[in-house]
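Heads up: the structure comes next, in structure tokens.
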Amino acid sequence: MTETIAAIYRFRVPAGQADARARGIAVEQSVEMPVEAIADPFVLSDIVGRVESVVDLGEGEFEARIHYAADSAGCDAGQLINILFGNSSLQHDVALHDVDLPPDLLAAFGGPAIGVAGWRERLNAPDRLLTLSNLKPQGLSSAELAKLAGLLAASGVDLIKDDHGLADQRYSPFADRVPRIADAVRDASSHTNQPTRYLPHVTGNLDQLRTGVEIARRNGLDGALVMPMVTGLSSFHTLRRENPDFAFMAHPAMAGAARIAPALLIGRIFRLFGTDAVVFPGHGGRFGASPVECIRLVDFACRPWAGLAPTLPVPAGGMTIERIRELSEFYGRDACLFLGGSLLAAGDRLTEEAARFVKIVHALKAQRPTNQA
């Protein structure tokens, strides 16, 4: 077999059926037809998936490592996911747990454009946790969202993003909202020592994504929020390649819809396709993620990987100001702490609470070295 992709699956079957189940996955994900009906020698030797190993993990769970021809991915983000888990995602007994990719395919997809180091340079924050808040709820006018952004920026928050629910709705159209918020953030930042970045949410089809980035650029912005699983992985990766100097933060909406391990999808696959920061459900929040899952995701996001830049981990989903020190100890300095609703709930005291958030994080900058290996 030529250069291969190795996919690692976990599934539950009676012990005597494990080898057959693994072979079934290999065929389903490669040729999707009876192997006996294939006469072409090249297809049989190079294209049909090959089971390398099946390991009994105990309690009825097995792990299979299966190889596929790297050429089958065609250097397309969507096709890579299709090869890894397209049809098998419809089978309820199996989950995609991990993947190993050959160097040529890693280089072709390219990974983040700016990564952790780029965020640090842009935000003048060389040695500390970064801070993030968001603009919500949808339904507010562009002017109201801009006022909110100005208050957050005046408090010194590093990054302010649109909530992923903000799109191009009639009450805050994208082309009206983005200039207003960009101006408000720029004005507030001129009075602080912090070059706060605003990340508008770009969404829609590929033409709409391109238009969103163009509008952001016209307003002096150098980054945006995107939902790769909603807009499509191929569309996102195309946008990434077309904008090598632009930063993209990925939101995980729909990332839990298929049985792909969150750490793999959000931490490694999103990184592969070029996200510079990844929002994910943090432990202790409202999504039920475990500490083990979070550490695995951060490891995938930040560990050295064939020269690809690390992507910035952003734990989210019910984080509070009271947990900042705990989160700092857990994630290390190469992460971004995201307080959204818990800050907005402060109401008239928003500016004071946001400033307290920033002050606590800045004071922790030397407490722990990076998680990045």
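Starting from 1 in every chain, residues are counted up; chains themselves are A, B, ... following the order of the structure tokens, and ligands are numbered from 1 as listed.
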Could you pull out the helix (DSSP H, G or I) residues of region 134-336 of chain A, going by DSSP on the backbone, and write them as a ChimeraX atom specification?
/A:142-154,174-189,206-218,228-231,233-242,262-273,291-302,321-331
Contacts of region 245-332 of chain A with region 116-123 of chain A up to 9 Å, shortest pair per row, only C-alpha atoms, as JSON lines:
```
{"residue": "A:Ala247", "atom": "CA", "partner": "A:Trp119", "partner_atom": "CA", "distance": 8.3}
{"residue": "A:Asp276", "atom": "CA", "partner": "A:Val116", "partner_atom": "CA", "distance": 7.1}
{"residue": "A:Ala277", "atom": "CA", "partner": "A:Val116", "partner_atom": "CA", "distance": 7.7}
{"residue": "A:Cys302", "atom": "CA", "partner": "A:Val116", "partner_atom": "CA", "distance": 8.6}
{"residue": "A:Ala309", "atom": "CA", "partner": "A:Val116", "partner_atom": "CA", "distance": 7.5}
{"residue": "A:Pro310", "atom": "CA", "partner": "A:Val116", "partner_atom": "CA", "distance": 6.0}
{"residue": "A:Thr311", "atom": "CA", "partner": "A:Val116", "partner_atom": "CA", "distance": 5.7}
{"residue": "A:Leu312", "atom": "CA", "partner": "A:Val116", "partner_atom": "CA", "distance": 5.2}
{"residue": "A:Pro313", "atom": "CA", "partner": "A:Val116", "partner_atom": "CA", "distance": 8.8}
```
Could you dump the residues just selected with N, CA and C atoms as a PDB file, in the first residue's frame?
```
ATOM      1  N   ALA A 247      -6.697  35.808  11.043  1.00  0.00           N
ATOM      2  CA  ALA A 247      -6.859  34.846  12.140  1.00  0.00           C
ATOM      3  C   ALA A 247      -8.295  34.342  12.196  1.00  0.00           C
ATOM      4  N   ASP A 276      -6.919  29.185  14.166  1.00  0.00           N
ATOM      5  CA  ASP A 276      -5.879  29.742  15.030  1.00  0.00           C
ATOM      6  C   ASP A 276      -6.270  29.708  16.498  1.00  0.00           C
ATOM      7  N   ALA A 277      -7.545  29.509  16.777  1.00  0.00           N
ATOM      8  CA  ALA A 277      -8.046  29.362  18.145  1.00  0.00           C
ATOM      9  C   ALA A 277      -9.282  28.480  18.084  1.00  0.00           C
ATOM     10  N   CYS A 302      -2.088  21.904  21.124  1.00  0.00           N
ATOM     11  CA  CYS A 302      -0.829  22.607  21.406  1.00  0.00           C
ATOM     12  C   CYS A 302       0.443  21.794  21.227  1.00  0.00           C
ATOM     13  N   ALA A 309       1.679  25.047  13.448  1.00  0.00           N
ATOM     14  CA  ALA A 309       1.600  25.926  14.611  1.00  0.00           C
ATOM     15  C   ALA A 309       0.528  25.425  15.570  1.00  0.00           C
ATOM     16  N   PRO A 310       0.716  25.626  16.872  1.00  0.00           N
ATOM     17  CA  PRO A 310      -0.338  25.278  17.830  1.00  0.00           C
ATOM     18  C   PRO A 310      -1.523  26.226  17.682  1.00  0.00           C
ATOM     19  N   THR A 311      -2.695  25.734  18.002  1.00  0.00           N
ATOM     20  CA  THR A 311      -3.889  26.582  18.001  1.00  0.00           C
ATOM     21  C   THR A 311      -4.261  26.921  19.437  1.00  0.00           C
ATOM     22  N   LEU A 312      -4.822  28.092  19.648  1.00  0.00           N
ATOM     23  CA  LEU A 312      -5.101  28.612  20.983  1.00  0.00           C
ATOM     24  C   LEU A 312      -6.347  27.954  21.572  1.00  0.00           C
ATOM     25  N   PRO A 313      -6.234  27.241  22.713  1.00  0.00           N
ATOM     26  CA  PRO A 313      -7.413  26.634  23.335  1.00  0.00           C
ATOM     27  C   PRO A 313      -8.233  27.677  24.103  1.00  0.00           C
TER      28      PRO A 313
END
```
In region 96-181 of chain A, DSSP strand (DSSP E or B) residues written as a ChimeraX atom specification:
/A:96-100,130-135,138,140,159-162
Residue selection dump (N, CA and C atoms) as a PDB file, in the first residue's frame:
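The result, stored in out_16.pdb:
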```
ATOM      1  N   LEU A  96     -15.035   7.614  16.011  1.00  0.00           N
ATOM      2  CA  LEU A  96     -13.684   7.938  15.543  1.00  0.00           C
ATOM      3  C   LEU A  96     -12.920   8.559  16.706  1.00  0.00           C
ATOM      4  N   HIS A  97     -11.838   7.909  17.106  1.00  0.00           N
ATOM      5  CA  HIS A  97     -11.126   8.317  18.318  1.00  0.00           C
ATOM      6  C   HIS A  97      -9.854   9.107  18.038  1.00  0.00           C
ATOM      7  N   ASP A  98      -9.149   8.777  16.961  1.00  0.00           N
ATOM      8  CA  ASP A  98      -7.883   9.451  16.688  1.00  0.00           C
ATOM      9  C   ASP A  98      -7.520   9.216  15.229  1.00  0.00           C
ATOM     10  N   VAL A  99      -6.484   9.911  14.761  1.00  0.00           N
ATOM     11  CA  VAL A  99      -6.024   9.736  13.387  1.00  0.00           C
ATOM     12  C   VAL A  99      -4.555  10.114  13.305  1.00  0.00           C
ATOM     13  N   ASP A 100      -3.810   9.383  12.487  1.00  0.00           N
ATOM     14  CA  ASP A 100      -2.422   9.718  12.165  1.00  0.00           C
ATOM     15  C   ASP A 100      -2.357   9.988  10.672  1.00  0.00           C
ATOM     16  N   LEU A 130      -4.632  34.691  27.830  1.00  0.00           N
ATOM     17  CA  LEU A 130      -5.379  35.725  27.117  1.00  0.00           C
ATOM     18  C   LEU A 130      -6.818  35.754  27.627  1.00  0.00           C
ATOM     19  N   THR A 131      -7.504  36.843  27.343  1.00  0.00           N
ATOM     20  CA  THR A 131      -8.873  37.031  27.816  1.00  0.00           C
ATOM     21  C   THR A 131      -9.814  37.271  26.638  1.00  0.00           C
ATOM     22  N   LEU A 132     -11.038  36.773  26.781  1.00  0.00           N
ATOM     23  CA  LEU A 132     -12.032  36.864  25.719  1.00  0.00           C
ATOM     24  C   LEU A 132     -13.410  37.069  26.329  1.00  0.00           C
ATOM     25  N   SER A 133     -14.225  37.895  25.680  1.00  0.00           N
ATOM     26  CA  SER A 133     -15.643  37.971  25.995  1.00  0.00           C
ATOM     27  C   SER A 133     -16.406  38.080  24.685  1.00  0.00           C
ATOM     28  N   ASN A 134     -17.744  38.054  24.773  1.00  0.00           N
ATOM     29  CA  ASN A 134     -18.518  38.066  23.534  1.00  0.00           C
ATOM     30  C   ASN A 134     -19.689  39.021  23.609  1.00  0.00           C
ATOM     31  N   LEU A 135     -20.293  39.218  22.451  1.00  0.00           N
ATOM     32  CA  LEU A 135     -21.404  40.155  22.289  1.00  0.00           C
ATOM     33  C   LEU A 135     -22.688  39.356  22.073  1.00  0.00           C
ATOM     34  N   GLN A 138     -28.396  37.891  20.471  1.00  0.00           N
ATOM     35  CA  GLN A 138     -28.958  38.322  19.196  1.00  0.00           C
ATOM     36  C   GLN A 138     -30.312  38.942  19.471  1.00  0.00           C
ATOM     37  N   LEU A 140     -30.342  42.362  19.792  1.00  0.00           N
ATOM     38  CA  LEU A 140     -29.896  43.736  20.033  1.00  0.00           C
ATOM     39  C   LEU A 140     -29.566  44.396  18.699  1.00  0.00           C
ATOM     40  N   LEU A 159      -9.704  39.973  23.525  1.00  0.00           N
ATOM     41  CA  LEU A 159     -10.477  39.593  22.351  1.00  0.00           C
ATOM     42  C   LEU A 159     -11.967  39.739  22.642  1.00  0.00           C
ATOM     43  N   ILE A 160     -12.687  40.304  21.686  1.00  0.00           N
ATOM     44  CA  ILE A 160     -14.139  40.419  21.768  1.00  0.00           C
ATOM     45  C   ILE A 160     -14.699  39.815  20.489  1.00  0.00           C
ATOM     46  N   LYS A 161     -15.540  38.820  20.637  1.00  0.00           N
ATOM     47  CA  LYS A 161     -16.101  38.177  19.451  1.00  0.00           C
ATOM     48  C   LYS A 161     -17.613  38.337  19.408  1.00  0.00           C
ATOM     49  N   ASP A 162     -18.148  38.305  18.211  1.00  0.00           N
ATOM     50  CA  ASP A 162     -19.594  38.140  18.073  1.00  0.00           C
ATOM     51  C   ASP A 162     -19.986  36.806  18.701  1.00  0.00           C
TER      52      ASP A 162
END
```
Just want the 12 Å neighbourhood of Ala20 (chain A), counted on only C-alpha atoms, with same-chain residues fewer than 5 positions away dropped. Output as a ChimeraX atom specification.
/A:11,13-15,25-27,51,53-54,62,64
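Shortest atom-to-atom contact with Glu293 (chain A) among A:Pro262, A:Gly86, A:Gly220, A:Gly318: A:Pro262, counting only C-alpha atoms.
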Given only C-alpha atoms, how would the per-residue table for region 177-288 of chain A near region 328-339 of chain A read, listing every residue at most 12 Å away with its closest atom pair and distance in Å to one decimal, sorted by chain and number, as a Markdown table?
```
| residue | atom | partner | partner_atom | distance |
| --- | --- | --- | --- | --- |
| A:Met249 | CA | A:Cys336 | CA | 11.3 |
| A:Asp276 | CA | A:Ala335 | CA | 11.7 |
| A:Ala277 | CA | A:Cys336 | CA | 8.8 |
| A:Val278 | CA | A:Cys336 | CA | 9.5 |
| A:Val279 | CA | A:Phe338 | CA | 8.7 |
| A:Phe280 | CA | A:Phe338 | CA | 10.2 |
| A:Pro281 | CA | A:Phe338 | CA | 10.8 |
| A:Gly282 | CA | A:Phe338 | CA | 9.9 |
| A:His283 | CA | A:Phe330 | CA | 10.1 |
| A:Gly284 | CA | A:Phe330 | CA | 11.7 |
| A:Gly285 | CA | A:Leu339 | CA | 11.3 |
```
Written selection (N, CA and C atoms) as a tab-separated table (two decimals), in the first residue's frame:
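The file below, part_34.tsv, is the result:
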```tsv
chain	number	residue	atom	x	y	z
A	249	MET	N	-10.96	32.09	14.60
A	249	MET	CA	-11.32	31.39	15.82
A	249	MET	C	-12.50	30.49	15.48
A	276	ASP	N	-6.92	29.19	14.17
A	276	ASP	CA	-5.88	29.74	15.03
A	276	ASP	C	-6.27	29.71	16.50
A	277	ALA	N	-7.55	29.51	16.78
A	277	ALA	CA	-8.05	29.36	18.14
A	277	ALA	C	-9.28	28.48	18.08
A	278	VAL	N	-9.49	27.66	19.12
A	278	VAL	CA	-10.65	26.77	19.13
A	278	VAL	C	-11.41	26.92	20.45
A	279	VAL	N	-12.67	27.31	20.34
A	279	VAL	CA	-13.55	27.35	21.50
A	279	VAL	C	-14.05	25.92	21.74
A	280	PHE	N	-14.08	25.49	23.01
A	280	PHE	CA	-14.54	24.14	23.31
A	280	PHE	C	-15.19	24.12	24.69
A	281	PRO	N	-16.07	23.14	24.96
A	281	PRO	CA	-16.72	23.05	26.27
A	281	PRO	C	-15.69	22.73	27.34
A	282	GLY	N	-15.54	23.62	28.32
A	282	GLY	CA	-14.60	23.41	29.39
A	282	GLY	C	-15.22	22.59	30.52
A	283	HIS	N	-14.38	21.88	31.28
A	283	HIS	CA	-14.90	21.10	32.39
A	283	HIS	C	-15.45	22.03	33.47
A	284	GLY	N	-16.47	21.55	34.15
A	284	GLY	CA	-17.09	22.35	35.20
A	284	GLY	C	-18.10	23.35	34.68
A	285	GLY	N	-18.32	23.38	33.37
A	285	GLY	CA	-19.30	24.29	32.79
A	285	GLY	C	-20.62	23.58	32.54
```
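Rounded to one decimal, CA of Arg349 (chain A) and CA of Ile181 (chain A) lie 20.4 Å from each other.
Near Thr231 (chain A), within 8 Å and counting only C-alpha atoms, sit Thr203, Gly204, Asn205, Leu206, Val226, Met227, Ser235 and Phe236 of chain A, not including residues fewer than 4 positions from it in the same chain.
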Write the residues of the preceding selection, restricted to N, CA and C atoms, as a compact mmCIF listing (two decimals), in the first residue's frame.
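Wrote again_26.txt, looks like this:
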```txt
# COMPACT_ATOMS: atom_id res chain seq x y z
N THR A 203 -20.35 33.76 8.37
CA THR A 203 -21.07 32.51 8.17
C THR A 203 -21.74 32.53 6.81
N GLY A 204 -22.42 31.42 6.47
CA GLY A 204 -23.09 31.32 5.18
C GLY A 204 -22.31 30.44 4.22
N ASN A 205 -22.65 30.55 2.93
CA ASN A 205 -21.93 29.77 1.92
C ASN A 205 -20.57 30.40 1.64
N LEU A 206 -19.79 29.81 0.75
CA LEU A 206 -18.43 30.29 0.54
C LEU A 206 -18.40 31.73 0.05
N VAL A 226 -15.66 31.69 13.12
CA VAL A 226 -16.29 30.86 12.10
C VAL A 226 -16.72 29.54 12.74
N MET A 227 -17.77 28.91 12.17
CA MET A 227 -18.24 27.61 12.64
C MET A 227 -17.93 26.57 11.56
N SER A 235 -15.21 24.53 2.76
CA SER A 235 -15.36 25.98 2.59
C SER A 235 -14.46 26.73 3.55
N PHE A 236 -14.43 26.28 4.81
CA PHE A 236 -13.54 26.95 5.75
C PHE A 236 -12.09 26.84 5.33
```
With distances taken over only C-alpha atoms, the candidate from A:Asp245, A:Glu28, A:Asp187, A:Glu322 nearest Phe85 (chain A) is A:Glu28
For Tyr68 (chain A), list every protein, DNA or RNA residue within 7 Å, evaluated using only C-alpha atoms, and leave out those in the same chain fewer than 5 positions away; present the list as an mmCIF file with C-alpha atoms, in the first residue's frame.
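Contents of the output file part-v7.cif:
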```cif
data_model
loop_
_atom_site.group_PDB
_atom_site.id
_atom_site.type_symbol
_atom_site.label_atom_id
_atom_site.label_comp_id
_atom_site.auth_asym_id
_atom_site.auth_seq_id
_atom_site.Cartn_x
_atom_site.Cartn_y
_atom_site.Cartn_z
ATOM 1 C CA THR A 4 -1.577 5.943 4.249
ATOM 2 C CA ILE A 5 -3.876 7.594 6.743
ATOM 3 C CA ALA A 6 -4.313 5.623 9.961
ATOM 4 C CA SER A 30 -12.900 2.900 1.590
ATOM 5 C CA ILE A 47 -7.559 1.414 -1.897
ATOM 6 C CA GLY A 49 -8.955 -0.194 3.896
ATOM 7 C CA ARG A 50 -6.519 -2.429 5.792
#
```
Counting only C-alpha atoms, the option among A:Ala363, A:Ala95, A:Leu152, A:Val55 closest to Ala257 (chain A):
A:Ala95
